[in-house]
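File shown here: input.txt, holding compact mmCIF, C-alpha atoms and all ligand atoms.
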# COMPACT_ATOMS: atom_id res chain seq x y z
CA MET A 1 -296.32 109.49 157.20
CA LYS A 2 -298.11 106.21 156.45
CA VAL A 3 -295.61 103.48 155.57
CA ALA A 4 -296.11 99.83 154.58
CA VAL A 5 -293.26 97.43 155.34
CA ILE A 6 -293.50 94.16 153.40
CA GLY A 7 -291.68 91.33 155.20
CA GLY A 8 -291.52 90.41 158.86
CA GLY A 9 -287.95 89.08 159.06
CA ILE A 10 -285.25 90.80 161.08
CA VAL A 11 -284.78 93.47 158.39
CA GLY A 12 -288.49 94.40 158.12
CA ALA A 13 -288.89 94.31 161.90
CA ALA A 14 -285.86 96.56 162.53
CA ILE A 15 -287.03 99.03 159.87
CA SER A 16 -290.53 99.12 161.37
CA ALA A 17 -289.11 99.77 164.85
CA GLU A 18 -286.96 102.64 163.60
CA LEU A 19 -289.66 104.27 161.44
CA SER A 20 -292.28 104.06 164.19
CA ARG A 21 -289.81 105.48 166.73
CA LEU A 22 -289.38 108.45 164.41
CA GLY A 23 -293.12 109.06 164.16
CA ALA A 24 -294.25 107.11 161.08
CA THR A 25 -297.43 105.03 161.18
CA VAL A 26 -296.32 101.58 160.03
CA THR A 27 -298.22 98.56 158.75
CA ILE A 28 -296.21 95.33 158.42
CA PHE A 29 -297.36 92.72 155.92
CA GLU A 30 -295.96 89.23 156.52
CA ALA A 31 -296.97 86.32 154.31
CA GLU A 32 -296.44 83.68 157.00
CA ALA A 33 -298.44 83.31 160.21
CA GLN A 34 -295.46 84.43 162.34
CA PHE A 35 -292.56 86.85 162.22
CA GLY A 36 -289.07 85.60 161.44
CA THR A 37 -289.72 82.28 159.71
CA GLY A 38 -287.63 83.10 156.60
CA ALA A 39 -283.83 83.37 156.46
CA THR A 40 -283.93 84.99 159.90
CA ALA A 41 -284.90 81.66 161.46
CA ALA A 42 -281.73 80.06 160.06
CA ALA A 43 -279.22 82.71 161.14
CA ILE A 44 -276.44 81.77 163.52
CA GLY A 45 -275.94 85.21 165.03
CA GLY A 46 -272.53 86.65 164.24
CA ILE A 47 -272.39 90.44 163.89
CA SER A 48 -269.52 90.00 161.51
CA PRO A 49 -268.99 92.66 158.84
CA LEU A 50 -265.22 92.62 159.31
CA SER A 51 -264.69 88.89 159.08
CA ASP A 52 -267.31 87.90 156.50
CA ASP A 53 -265.22 86.56 153.64
CA PHE A 54 -267.89 87.12 150.98
CA ILE A 55 -268.79 90.81 151.13
CA ARG A 56 -266.09 92.23 153.39
CA ALA A 57 -264.62 94.40 150.66
CA GLN A 58 -267.94 96.12 149.87
CA LEU A 59 -268.79 96.67 153.52
CA ALA A 60 -265.36 97.77 154.76
CA PRO A 61 -266.09 101.53 154.58
CA MET A 62 -269.43 101.00 156.35
CA CYS A 63 -268.24 98.94 159.32
CA GLY A 64 -268.15 101.84 161.78
CA ASP A 65 -271.77 102.73 160.93
CA ILE A 66 -272.79 99.05 161.10
CA PHE A 67 -271.48 98.63 164.66
CA ASP A 68 -272.82 102.03 165.81
CA ALA A 69 -276.32 101.24 164.53
CA PHE A 70 -276.19 97.76 166.07
CA TRP A 71 -275.27 99.07 169.55
CA ARG A 72 -277.89 101.84 169.33
CA LEU A 73 -280.57 99.20 168.72
CA VAL A 74 -279.21 97.03 171.55
CA GLN A 75 -279.40 100.02 173.87
CA ARG A 76 -282.96 100.82 172.81
CA CYS A 77 -283.98 97.25 173.55
CA ALA A 78 -282.29 97.42 176.96
CA GLU A 79 -284.01 100.72 177.79
CA ALA A 80 -287.33 99.03 176.96
CA GLY A 81 -286.51 96.26 179.47
CA GLN A 82 -285.67 93.86 176.62
CA ALA A 83 -281.94 93.23 177.09
CA PHE A 84 -280.67 89.90 175.73
CA PRO A 85 -277.38 88.00 176.09
CA ILE A 86 -274.55 89.04 173.78
CA VAL A 87 -271.18 87.36 173.22
CA GLU A 88 -269.10 90.49 173.75
CA GLU A 89 -265.60 88.99 173.78
CA GLY A 90 -265.46 89.14 170.02
CA LEU A 91 -264.68 86.75 167.18
CA MET A 92 -261.70 84.45 167.13
CA TYR A 93 -260.74 83.79 163.49
CA VAL A 94 -258.59 80.67 163.81
CA ALA A 95 -255.80 79.70 161.39
CA LEU A 96 -255.72 75.93 160.96
CA THR A 97 -252.97 75.82 158.33
CA PRO A 98 -249.69 77.71 157.71
CA ASP A 99 -251.28 79.22 154.58
CA ASP A 100 -254.12 80.58 156.63
CA GLU A 101 -251.73 81.96 159.22
CA ALA A 102 -249.87 83.80 156.44
CA ARG A 103 -253.15 85.14 155.03
CA LEU A 104 -254.57 86.26 158.38
CA THR A 105 -251.38 87.90 159.64
CA GLY A 106 -250.59 89.44 156.22
CA PRO A 107 -253.05 90.74 153.62
CA TYR A 108 -256.14 90.01 155.67
CA ARG A 109 -254.92 91.89 158.76
CA GLU A 110 -253.77 94.78 156.57
CA SER A 111 -257.14 95.00 154.81
CA LEU A 112 -258.82 95.70 158.17
CA GLY A 113 -256.72 98.85 158.64
CA ASP A 114 -256.07 100.51 161.98
CA ARG A 115 -259.60 101.47 162.91
CA PHE A 116 -260.27 98.28 164.87
CA ALA A 117 -258.50 96.66 167.82
CA VAL A 118 -257.83 93.48 165.84
CA ARG A 119 -254.77 91.53 167.02
CA TRP A 120 -253.01 88.27 166.24
CA LEU A 121 -252.98 85.71 169.06
CA PRO A 122 -250.09 83.27 168.91
CA LYS A 123 -251.08 79.66 169.46
CA GLY A 124 -250.48 79.61 173.26
CA GLU A 125 -252.53 82.74 173.81
CA ALA A 126 -255.38 81.52 171.58
CA LEU A 127 -255.52 78.19 173.47
CA ALA A 128 -255.38 79.94 176.85
CA LEU A 129 -258.50 81.92 175.85
CA GLU A 130 -260.34 78.96 174.30
CA PRO A 131 -258.90 75.71 175.69
CA THR A 132 -261.31 73.41 173.83
CA LEU A 133 -259.88 74.46 170.44
CA THR A 134 -257.54 72.07 168.69
CA PRO A 135 -253.91 72.18 169.87
CA ALA A 136 -253.02 71.86 166.15
CA LEU A 137 -254.08 75.46 165.42
CA MET A 138 -251.49 78.00 164.23
CA GLY A 139 -252.94 80.99 166.07
CA ALA A 140 -255.99 83.24 165.73
CA LEU A 141 -256.96 86.73 164.79
CA LEU A 142 -259.00 88.26 167.60
CA ILE A 143 -261.64 90.72 166.37
CA PRO A 144 -263.02 92.24 169.60
CA GLU A 145 -265.46 94.55 167.78
CA GLU A 146 -267.55 91.65 166.45
CA PRO A 147 -270.20 90.47 168.92
CA ALA A 148 -272.65 87.58 168.47
CA LEU A 149 -276.13 86.84 169.72
CA ASP A 150 -279.12 84.59 169.32
CA PRO A 151 -281.02 86.19 166.39
CA SER A 152 -284.34 85.03 167.84
CA SER A 153 -283.66 87.05 171.03
CA LEU A 154 -282.90 90.14 168.98
CA LEU A 155 -286.06 89.66 166.92
CA ARG A 156 -288.15 89.16 170.06
CA SER A 157 -286.83 92.38 171.58
CA VAL A 158 -287.40 94.34 168.37
CA LEU A 159 -290.98 93.02 168.18
CA HIS A 160 -291.45 94.29 171.72
CA LEU A 161 -290.34 97.76 170.56
CA LEU A 162 -292.97 97.56 167.81
CA SER A 163 -295.77 96.69 170.17
CA GLU A 164 -294.66 99.38 172.63
CA SER A 165 -294.61 102.10 169.98
CA GLY A 166 -298.39 102.03 169.50
CA LYS A 167 -297.78 103.09 165.88
CA VAL A 168 -297.37 99.69 164.22
CA SER A 169 -300.12 97.42 162.99
CA VAL A 170 -299.34 93.91 161.89
CA ARG A 171 -300.95 91.76 159.17
CA LEU A 172 -299.60 88.26 159.62
CA GLY A 173 -300.58 85.64 157.04
CA THR A 174 -301.02 88.39 154.44
CA ARG A 175 -299.04 88.23 151.21
CA VAL A 176 -298.60 91.34 149.12
CA SER A 177 -299.25 90.21 145.56
CA GLU A 178 -298.86 93.41 143.55
CA LEU A 179 -297.45 96.92 143.78
CA VAL A 180 -298.35 99.79 141.48
CA ASP A 181 -296.62 103.00 142.58
CA ASN A 182 -297.77 103.47 146.18
CA MET A 183 -300.82 101.18 145.88
CA MET A 184 -300.58 97.59 147.00
CA THR A 185 -302.76 94.53 146.67
CA ALA A 186 -302.61 92.04 149.53
CA VAL A 187 -304.20 88.63 150.00
CA GLY A 188 -305.14 87.66 153.56
CA ARG A 189 -305.30 84.26 155.25
CA ASP A 190 -308.96 83.87 154.34
CA GLY A 191 -308.30 84.75 150.70
CA GLU A 192 -309.67 88.26 151.14
CA VAL A 193 -308.06 90.71 148.70
CA THR A 194 -307.45 94.30 149.81
CA VAL A 195 -306.09 97.25 147.86
CA GLU A 196 -304.49 100.00 149.95
CA GLU A 197 -302.56 103.18 149.44
CA PHE A 198 -299.52 104.25 151.48
CA ASP A 199 -297.23 107.28 151.37
CA ARG A 200 -294.22 104.98 151.03
CA ILE A 201 -293.73 101.21 150.72
CA VAL A 202 -290.63 99.36 151.95
CA ILE A 203 -289.87 95.97 150.38
CA ALA A 204 -288.02 93.82 152.93
CA THR A 205 -288.90 90.41 151.56
CA GLY A 206 -285.49 88.75 152.00
CA ASN A 207 -284.82 86.44 149.09
CA ASP A 208 -288.37 86.59 147.72
CA ALA A 209 -287.99 88.70 144.57
CA ALA A 210 -291.57 88.38 143.28
CA LEU A 211 -292.40 92.05 143.88
CA LEU A 212 -289.26 93.40 142.21
CA PRO A 213 -289.16 94.84 138.69
CA SER A 214 -287.52 92.36 136.32
CA PRO A 215 -283.88 93.55 136.15
CA LEU A 216 -283.77 93.68 139.94
CA ARG A 217 -285.53 90.33 140.25
CA THR A 218 -282.82 88.54 138.30
CA SER A 219 -280.12 90.08 140.51
CA MET A 220 -281.28 87.92 143.45
CA VAL A 221 -279.53 84.55 143.78
CA PRO A 222 -280.37 82.81 147.09
CA VAL A 223 -277.50 80.93 148.71
CA LYS A 224 -278.48 78.01 150.87
CA GLY A 225 -276.88 77.53 154.29
CA GLN A 226 -277.10 74.61 156.69
CA ALA A 227 -276.41 74.79 160.41
CA LEU A 228 -276.92 72.73 163.54
CA ARG A 229 -277.10 72.94 167.29
CA LEU A 230 -274.68 70.99 169.45
CA ALA A 231 -274.49 70.48 173.19
CA ASP A 232 -271.87 68.93 175.44
CA PRO A 233 -273.98 66.63 177.64
CA GLY A 234 -271.40 67.08 180.41
CA SER A 235 -271.71 70.88 180.59
CA SER A 236 -274.48 73.43 181.04
CA HIS A 237 -272.17 76.47 180.86
CA PRO A 238 -271.31 78.34 177.65
CA LEU A 239 -268.63 76.28 175.90
CA PHE A 240 -266.76 79.29 174.48
CA ALA A 241 -266.24 82.88 175.55
CA HIS A 242 -265.88 83.99 171.90
CA HIS A 243 -267.57 83.02 168.69
CA VAL A 244 -265.07 81.08 166.65
CA TYR A 245 -264.56 80.88 162.89
CA ALA A 246 -262.10 79.00 160.67
CA HIS A 247 -261.57 78.56 156.97
CA LEU A 248 -261.50 74.88 156.07
CA PRO A 249 -259.07 73.46 153.54
CA ALA A 250 -260.76 72.14 150.37
CA SER A 251 -262.52 68.85 151.09
CA GLY A 252 -263.63 67.90 147.58
CA SER A 253 -267.22 68.92 148.36
CA ASP A 254 -268.76 71.88 146.53
CA LEU A 255 -270.68 73.04 149.61
CA ASN A 256 -268.02 75.65 150.43
CA THR A 257 -268.19 74.99 154.15
CA SER A 258 -266.53 77.02 156.91
CA ALA A 259 -266.36 76.05 160.57
CA TYR A 260 -268.28 78.56 162.66
CA LEU A 261 -269.40 78.24 166.28
CA VAL A 262 -271.53 80.64 168.30
CA PRO A 263 -272.08 79.79 171.99
CA ARG A 264 -275.52 80.23 173.52
CA THR A 265 -276.05 80.94 177.22
CA ASP A 266 -277.80 77.60 177.83
CA GLY A 267 -274.54 75.76 177.12
CA SER A 268 -275.38 74.79 173.55
CA VAL A 269 -273.45 75.90 170.49
CA VAL A 270 -274.86 76.78 167.09
CA ALA A 271 -272.50 75.50 164.42
CA GLY A 272 -272.22 75.87 160.68
CA VAL A 273 -272.09 76.62 157.93
CA THR A 274 -272.41 75.80 154.23
CA TYR A 275 -272.67 78.18 151.24
CA GLU A 276 -274.57 76.35 148.51
CA GLU A 277 -275.43 78.26 145.37
CA GLN A 278 -276.62 75.36 143.31
CA PHE A 279 -279.18 73.86 145.75
CA PRO A 280 -282.22 76.11 145.99
CA HIS A 281 -284.21 73.90 148.40
CA ASP A 282 -284.35 74.30 152.15
CA PHE A 283 -283.57 70.89 153.59
CA VAL A 284 -280.67 69.50 155.58
CA THR A 285 -278.57 67.02 153.61
CA VAL A 286 -276.28 64.17 154.55
CA GLU A 287 -273.38 65.91 152.83
CA GLY A 288 -274.12 69.20 154.61
CA LEU A 289 -274.03 67.52 158.00
CA HIS A 290 -270.90 65.62 157.04
CA GLU A 291 -269.06 68.77 155.97
CA ILE A 292 -270.11 70.86 158.97
CA THR A 293 -269.41 68.18 161.57
CA GLY A 294 -266.06 67.40 159.89
CA GLY A 295 -265.07 71.07 160.13
CA ILE A 296 -266.19 71.38 163.73
CA ARG A 297 -264.28 68.23 164.73
CA ARG A 298 -261.20 69.67 163.16
CA LEU A 299 -261.59 72.92 165.11
CA VAL A 300 -262.75 71.30 168.39
CA PRO A 301 -261.68 67.63 168.57
CA SER A 302 -263.79 66.89 171.69
CA ALA A 303 -266.94 67.90 169.78
CA ARG A 304 -267.15 64.34 168.46
CA HIS A 305 -268.76 63.44 171.82
CA TRP A 306 -271.29 66.25 171.76
CA ALA A 307 -274.98 65.75 171.06
CA MET A 308 -276.59 67.15 167.93
CA THR A 309 -279.95 68.53 169.05
CA ALA A 310 -281.19 70.28 165.92
CA ALA A 311 -280.27 70.88 162.28
CA TRP A 312 -281.77 73.25 159.75
CA ALA A 313 -281.26 75.00 156.43
CA GLY A 314 -282.24 78.40 155.08
CA ARG A 315 -281.69 80.54 152.03
CA ARG A 316 -279.58 83.67 152.36
CA PRO A 317 -280.98 86.54 150.33
CA ALA A 318 -277.95 87.19 148.13
CA THR A 319 -277.49 89.39 145.08
CA VAL A 320 -275.21 88.68 142.13
CA ASP A 321 -272.55 91.08 143.41
CA GLY A 322 -272.99 89.98 147.04
CA GLY A 323 -273.98 93.42 148.32
CA PRO A 324 -277.38 94.32 149.80
CA ILE A 325 -279.95 96.46 148.02
CA VAL A 326 -280.97 99.53 150.02
CA GLY A 327 -282.45 102.52 148.21
CA VAL A 328 -284.94 103.68 145.59
CA LEU A 329 -285.14 103.63 141.80
CA PRO A 330 -285.30 107.01 140.05
CA GLY A 331 -288.84 107.94 139.07
CA ALA A 332 -290.36 105.39 141.48
CA GLU A 333 -289.43 106.88 144.85
CA ALA A 334 -292.55 105.64 146.62
CA VAL A 335 -290.93 102.22 146.89
CA ILE A 336 -287.80 101.62 149.00
CA TYR A 337 -285.87 98.38 148.58
CA ALA A 338 -284.22 96.84 151.66
CA MET A 339 -283.19 93.30 150.86
CA GLY A 340 -280.42 91.05 149.58
CA HIS A 341 -278.43 91.09 152.84
CA PHE A 342 -276.85 87.71 152.06
CA GLY A 343 -275.12 86.17 155.12
CA LEU A 344 -275.23 89.40 157.12
CA GLY A 345 -278.89 90.35 157.46
CA VAL A 346 -278.83 90.24 161.26
CA THR A 347 -275.63 92.29 161.24
CA LEU A 348 -276.98 94.84 158.79
CA ALA A 349 -280.62 95.15 159.91
CA PRO A 350 -280.04 98.05 162.37
CA LEU A 351 -278.04 100.11 159.86
CA THR A 352 -280.51 99.31 157.07
CA ALA A 353 -283.29 100.62 159.32
CA GLU A 354 -281.40 103.88 159.85
CA LEU A 355 -280.69 104.23 156.13
CA VAL A 356 -284.37 103.70 155.25
CA ALA A 357 -285.37 106.32 157.85
CA GLU A 358 -282.98 108.75 156.22
CA ILE A 359 -284.26 107.97 152.72
CA LEU A 360 -287.77 108.72 153.98
CA GLY A 361 -286.60 112.03 155.44
CA LEU A 362 -287.48 110.94 158.98
CA SER A 363 -283.93 111.36 160.30
CA ASP A 364 -280.73 113.01 159.29
CA ARG A 365 -277.72 111.22 160.69
CA GLY A 366 -275.84 112.22 157.55
CA LEU A 367 -275.32 108.58 156.60
CA MET A 368 -276.25 109.14 152.95
CA ALA A 369 -274.21 112.33 152.59
CA GLY A 370 -271.15 112.01 150.37
CA GLY A 371 -272.47 109.02 148.43
CA GLY A 372 -270.94 106.43 150.79
CA TYR A 373 -274.01 104.22 150.42
CA ASP A 374 -274.41 104.58 146.65
CA PRO A 375 -272.90 101.08 146.19
CA LEU A 376 -276.04 99.63 147.81
CA SER A 377 -278.43 101.40 145.44
CA PRO A 378 -280.83 99.22 143.41
CA GLU A 379 -279.85 101.34 140.39
CA ARG A 380 -276.73 99.22 139.97
CA PHE A 381 -278.88 96.34 138.74
CA HIS A 382 -281.46 98.36 136.83
C1 LIG A 401 -277.43 79.18 157.80
C2 LIG A 401 -277.46 80.67 157.87
C3 LIG A 401 -276.67 81.33 158.81
C4 LIG A 401 -276.68 82.72 158.88
N1 LIG A 401 -275.93 83.34 159.83
C5 LIG A 401 -275.93 84.70 159.93
C6 LIG A 401 -275.14 85.35 160.89
O1 LIG A 401 -274.44 84.71 161.67
N2 LIG A 401 -275.16 86.72 160.93
C7 LIG A 401 -275.93 87.47 160.07
O2 LIG A 401 -275.89 88.70 160.15
N3 LIG A 401 -276.72 86.85 159.16
C8 LIG A 401 -276.72 85.50 159.04
N4 LIG A 401 -277.46 84.88 158.08
C9 LIG A 401 -278.16 85.71 157.08
C10 LIG A 401 -279.50 86.20 157.63
O3 LIG A 401 -280.24 85.11 158.11
C11 LIG A 401 -280.29 86.91 156.54
O4 LIG A 401 -279.48 87.83 155.83
C12 LIG A 401 -281.45 87.69 157.18
O5 LIG A 401 -282.20 86.84 158.00
C13 LIG A 401 -282.33 88.31 156.13
O6 LIG A 401 -283.42 88.89 156.80
P1 LIG A 401 -284.65 89.46 155.99
O7 LIG A 401 -285.58 90.05 156.99
O8 LIG A 401 -284.17 90.30 154.88
O9 LIG A 401 -285.26 88.16 155.29
P2 LIG A 401 -286.23 87.02 155.85
O10 LIG A 401 -285.88 86.65 157.24
O11 LIG A 401 -286.25 85.94 154.84
O12 LIG A 401 -287.64 87.76 155.92
C14 LIG A 401 -288.35 88.10 154.76
C15 LIG A 401 -289.82 87.93 155.10
O13 LIG A 401 -290.60 88.45 154.04
C16 LIG A 401 -291.76 87.66 153.93
N5 LIG A 401 -292.31 87.88 152.58
C17 LIG A 401 -291.72 87.57 151.39
N6 LIG A 401 -292.50 87.97 150.37
C18 LIG A 401 -293.60 88.53 150.92
C19 LIG A 401 -294.78 89.15 150.37
N7 LIG A 401 -294.96 89.25 149.04
N8 LIG A 401 -295.72 89.63 151.22
C20 LIG A 401 -295.54 89.55 152.58
N9 LIG A 401 -294.44 88.97 153.14
C21 LIG A 401 -293.50 88.49 152.33
C22 LIG A 401 -291.27 86.25 154.16
O14 LIG A 401 -292.32 85.39 154.56
C23 LIG A 401 -290.21 86.47 155.25
O15 LIG A 401 -290.73 86.28 156.55
C24 LIG A 401 -277.49 83.48 157.99
C25 LIG A 401 -278.30 82.82 157.06
C26 LIG A 401 -278.29 81.43 156.99
C27 LIG A 401 -279.18 80.75 155.99
What's the structure tokens form of this structure?
Amino acid sequence: MKVAVIGGGIVGAAISAELSRLGATVTIFEAEAQFGTGATAAAIGGISPLSDDFIRAQLAPMCGDIFDAFWRLVQRCAEAGQAFPIVEEGLMYVALTPDDEARLTGPYRESLGDRFAVRWLPKGEALALEPTLTPALMGALLIPEEPALDPSSLLRSVLHLLSESGKVSVRLGTRVSELVDNMMTAVGRDGEVTVEEFDRIVIATGNDAALLPSPLRTSMVPVKGQALRLADPGSSHPLFAHHVYAHLPASGSDLNTSAYLVPRTDGSVVAGVTYEEQFPHDFVTVEGLHEITGGIRRLVPSARHWAMTAAWAGRRPATVDGGPIVGVLPGAEAVIYAMGHFGLGVTLAPLTAELVAEILGLSDRGLMAGGGYDPLSPERFH
């Protein structure tokens, strides 16, 4: 089977790795000169379907599959000699206020059910595990199932799988400008226009909706996020064993900021993060930095002495209902949509790849049986 994958972010790369592993001949079209320069470059790295406050409800039934697919991809990378560091201790979801403690120990904990080893850590236990956190915290929900990683390491390893497969060709700097059934028109770096035919075409263009039919196009609403990298000049060891998240009380800003920290092995910490629906541009703002650093100082008082070594912004590929789009439209089955992963594209890329393989008939894990993934279908917007 000859498949085109449009988009070289983490989602397109993971799909290409899975399809080529299962025998398809894949061509990846990426508009930019490199892989992973879109939303993937901005991601912090939490594998967080249980704790994500925005689309948790939609993803709840899928969490088992999400983690299974993630660990299968990690194992494949390791078997190819491409292991990368993972924060395996899990997520600590910290309560900073009595209201948050009541929410996390009550309805929130109940909504996670009994399938996961989630447990409440009273204040003393939380501080014993992460001593740099504020002594003013109420306690924390420990979610051991949620790992974290550096998304660029994952992408690098997946790209290695692609090159090893011998079944993937790559067209960097080539933008697909038009799709008609299974024919595509692409414009290369030198302006050369090519028209090619594929058996199936996968659209994994993140928040770029230009190739989508109009009702689907208007369902995409990018949500900007800002993040930064911090380092304690006095330490070269990882500053946390867990990744750490906290809801922040309203600050008067409309950036909807949470405090989120993911430690990297070099001793730095990636910190975020804002959710900005009304600002479609990609730059770091004074208010964004103010909100993020304010949240981080509240969670980790000693962070006020840390160095800020980088700051960036990206646009999450969100849909109007928050859920991703994975599937086909009736009557146009040559095209598979795999986009709109919002703030969880790194988390969802391995499962999306397995779903696309099943849609193409290349595998039969039984994921699609029983309609469990119907809520992700593009038909809901069509
Ligand atoms: C600040 C921030 C923090 C985040 N943190 C996390 C996190 O902790 N965990 C998590 O799971 N997710 C996180 N995310 C979300 C995650 O980054 C995205 O969901 C994910 O990167 C989407 O990947 P993608 O491959 O779909 O899109 P992209 O990475 O945007 O890739 C799409 C690619 O398609 C290419 N393209 C577009 N149109 C065309 C065309 N016509 N022809 C050819 N190529 C085309 C683009 O150039 C781009 O490279 C975060 C996002 C932000 C902004």
**OP:** May I have the residues within 7 Å of ligand LIG 401 (chain A), computed using only C-alpha atoms and all ligand atoms, as an MDAnalysis selection string?
**Re:** chainID A and resid 6:12 29:32 35:48 174:177 204:208 210:211 224:227 272:273 313:317 339:348
Got a sec: who's within 10 Å of segment 329-334 of chain A, counting only C-alpha atoms, leaving out chain neighbours fewer than 2 positions off, as a compact mmCIF listing (two decimals) with C-alpha atoms, in the frame of the given file?
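Produced file around_32.txt, reproduced below:
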# COMPACT_ATOMS: atom_id res chain seq x y z
CA VAL A 3 -295.61 103.48 155.57
CA VAL A 180 -298.35 99.79 141.48
CA ASP A 181 -296.62 103.00 142.58
CA ASN A 182 -297.77 103.47 146.18
CA MET A 183 -300.82 101.18 145.88
CA PHE A 198 -299.52 104.25 151.48
CA ASP A 199 -297.23 107.28 151.37
CA ARG A 200 -294.22 104.98 151.03
CA ILE A 201 -293.73 101.21 150.72
CA VAL A 202 -290.63 99.36 151.95
CA GLY A 327 -282.45 102.52 148.21
CA ILE A 336 -287.80 101.62 149.00
CA TYR A 337 -285.87 98.38 148.58
CA ILE A 359 -284.26 107.97 152.72
CA LEU A 360 -287.77 108.72 153.98
CA SER A 377 -278.43 101.40 145.44
CA PRO A 378 -280.83 99.22 143.41
CA GLU A 379 -279.85 101.34 140.39
CA ARG A 380 -276.73 99.22 139.97
CA HIS A 382 -281.46 98.36 136.83
Subject >> Pairwise distance for atom CA of Leu121 of chain A and atom CA of Leu141 of chain A, rounded to one decimal in Å >> reply: 5.9 Å
Go through segment 124-241 of chain A residue by residue and, counting only C-alpha atoms, keep those with an atom at most 9 Å from segment 58-75 of chain A; for each kept residue give the shortest atom pair and its distance in Å to one decimal, ordered by chain and increasing number, as a tab-separated table.
residue	atom	partner	partner_atom	distance
A:Glu145	CA	A:Phe67	CA	7.9
A:Glu146	CA	A:Phe67	CA	8.2
A:Leu154	CA	A:Val74	CA	8.2
A:Ser157	CA	A:Val74	CA	8.9
A:Val158	CA	A:Leu73	CA	8.4
Preceding selection exported with C-alpha atoms as a PDB file, in the frame of the given file:
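Output contents, as saved in again.pdb:
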ATOM      1  CA  GLU A 145    -265.460  94.550 167.780  1.00  0.00           C
ATOM      2  CA  GLU A 146    -267.550  91.650 166.450  1.00  0.00           C
ATOM      3  CA  LEU A 154    -282.900  90.140 168.980  1.00  0.00           C
ATOM      4  CA  SER A 157    -286.830  92.380 171.580  1.00  0.00           C
ATOM      5  CA  VAL A 158    -287.400  94.340 168.370  1.00  0.00           C
TER       6      VAL A 158
END
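Nearest residue to Ala311 of chain A, choosing from A:Arg298, A:Arg264, A:His290, A:Arg365 and counting only C-alpha atoms: A:His290.
In this structure, atom CA of Val244 of chain A sits 24.0 Å away from atom CA of Leu351 of chain A.
The smallest atom-to-atom distance between Lys167 of chain A and any of A:Glu196, A:Thr27, A:Gly372, A:Ala310, using only C-alpha atoms, is found for A:Thr27.
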**OP:** Do a neighbour search on Ile296 of chain A at 9 Å with all atoms listed in the file, toss out local chain neighbours closer than 4 positions, and write the hits as an MDAnalysis selection string.
**Re:** chainID A and resid 258:261 271:272 291:292 300:301 303:304
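Atom CA of Ser214 of chain A lies 19.7 Å from atom CA of Pro375 of chain A.
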Original post:
For the point (-279.8, 88.1, 141.6) in file coordinates, what residues are within 7 Å, counting all atoms listed in the file? Give the answer as a PyMOL selection string?
Top reply: chain A and resi 217-221+318-320
Residues of the last selection are to be written out with C-alpha atoms, as a PDB file, keeping the file's coordinate frame.
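The resulting out.pdb:
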ATOM      1  CA  ARG A 217    -285.530  90.330 140.250  1.00  0.00           C
ATOM      2  CA  THR A 218    -282.820  88.540 138.300  1.00  0.00           C
ATOM      3  CA  SER A 219    -280.120  90.080 140.510  1.00  0.00           C
ATOM      4  CA  MET A 220    -281.280  87.920 143.450  1.00  0.00           C
ATOM      5  CA  VAL A 221    -279.530  84.550 143.780  1.00  0.00           C
ATOM      6  CA  ALA A 318    -277.950  87.190 148.130  1.00  0.00           C
ATOM      7  CA  THR A 319    -277.490  89.390 145.080  1.00  0.00           C
ATOM      8  CA  VAL A 320    -275.210  88.680 142.130  1.00  0.00           C
TER       9      VAL A 320
END
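Considering the residues A:Leu212, A:Leu248, A:Ala95, A:Leu230 and counting all atoms listed in the file, His305 of chain A has its shortest atom-to-atom contact with A:Leu230.
Among the candidate residues A:Val168, A:Val262, A:Thr257, A:Ile143, the one lying nearest to Gly90 of chain A is A:Ile143, with distances computed using all atoms listed in the file.
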Original post:
Using only C-alpha atoms, which residues sit within 12 Å of Glu358 of chain A once same-chain residues fewer than 6 positions away are excluded, as a PyMOL selection string?
Top reply: chain A and resi 15+18-19+22+326-328+336+351-352+364-369+373
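The shortest atom-to-atom distance to Val94 of chain A, with only C-alpha atoms taken into account, belongs to A:Ala246 out of A:Ala246, A:Ile55, A:Ala136, A:Met1.
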Original post:
Between A:Gly288, A:Pro107, A:Pro144, A:Gly322, which has the minimum distance to His242 of chain A (counting all atoms listed in the file)?
Top reply: A:Pro144
**OP:** Tell me, as a PyMOL selection string, which residues lie within 8 Å of segment 265-267 of chain A, counting all atoms listed in the file; anything in the same chain fewer than 3 positions away does not count.
**Re:** chain A and resi 85+231-232+235-239
Pop segment 341-346 of chain A out of the structure in the block and write N, CA and C atoms as a CSV table (one decimal), in the first residue's frame.
chain,number,residue,atom,x,y,z
A,341,HIS,N,-5.0,17.5,18.0
A,341,HIS,CA,-4.7,16.8,19.3
A,341,HIS,C,-4.6,17.8,20.5
A,342,PHE,N,-4.8,19.0,20.3
A,342,PHE,CA,-4.9,20.0,21.3
A,342,PHE,C,-3.6,20.0,22.2
A,343,GLY,N,-3.7,19.9,23.5
A,343,GLY,CA,-2.5,19.9,24.4
A,343,GLY,C,-2.0,18.5,24.7
A,344,LEU,N,-2.4,17.5,23.8
A,344,LEU,CA,-2.0,16.2,24.1
A,344,LEU,C,-1.5,15.4,22.9
A,345,GLY,N,-0.9,16.2,22.0
A,345,GLY,CA,-0.5,15.5,20.7
A,345,GLY,C,0.7,14.5,20.9
A,346,VAL,N,1.6,14.8,21.9
A,346,VAL,CA,2.7,13.9,22.2
A,346,VAL,C,2.1,12.7,22.8
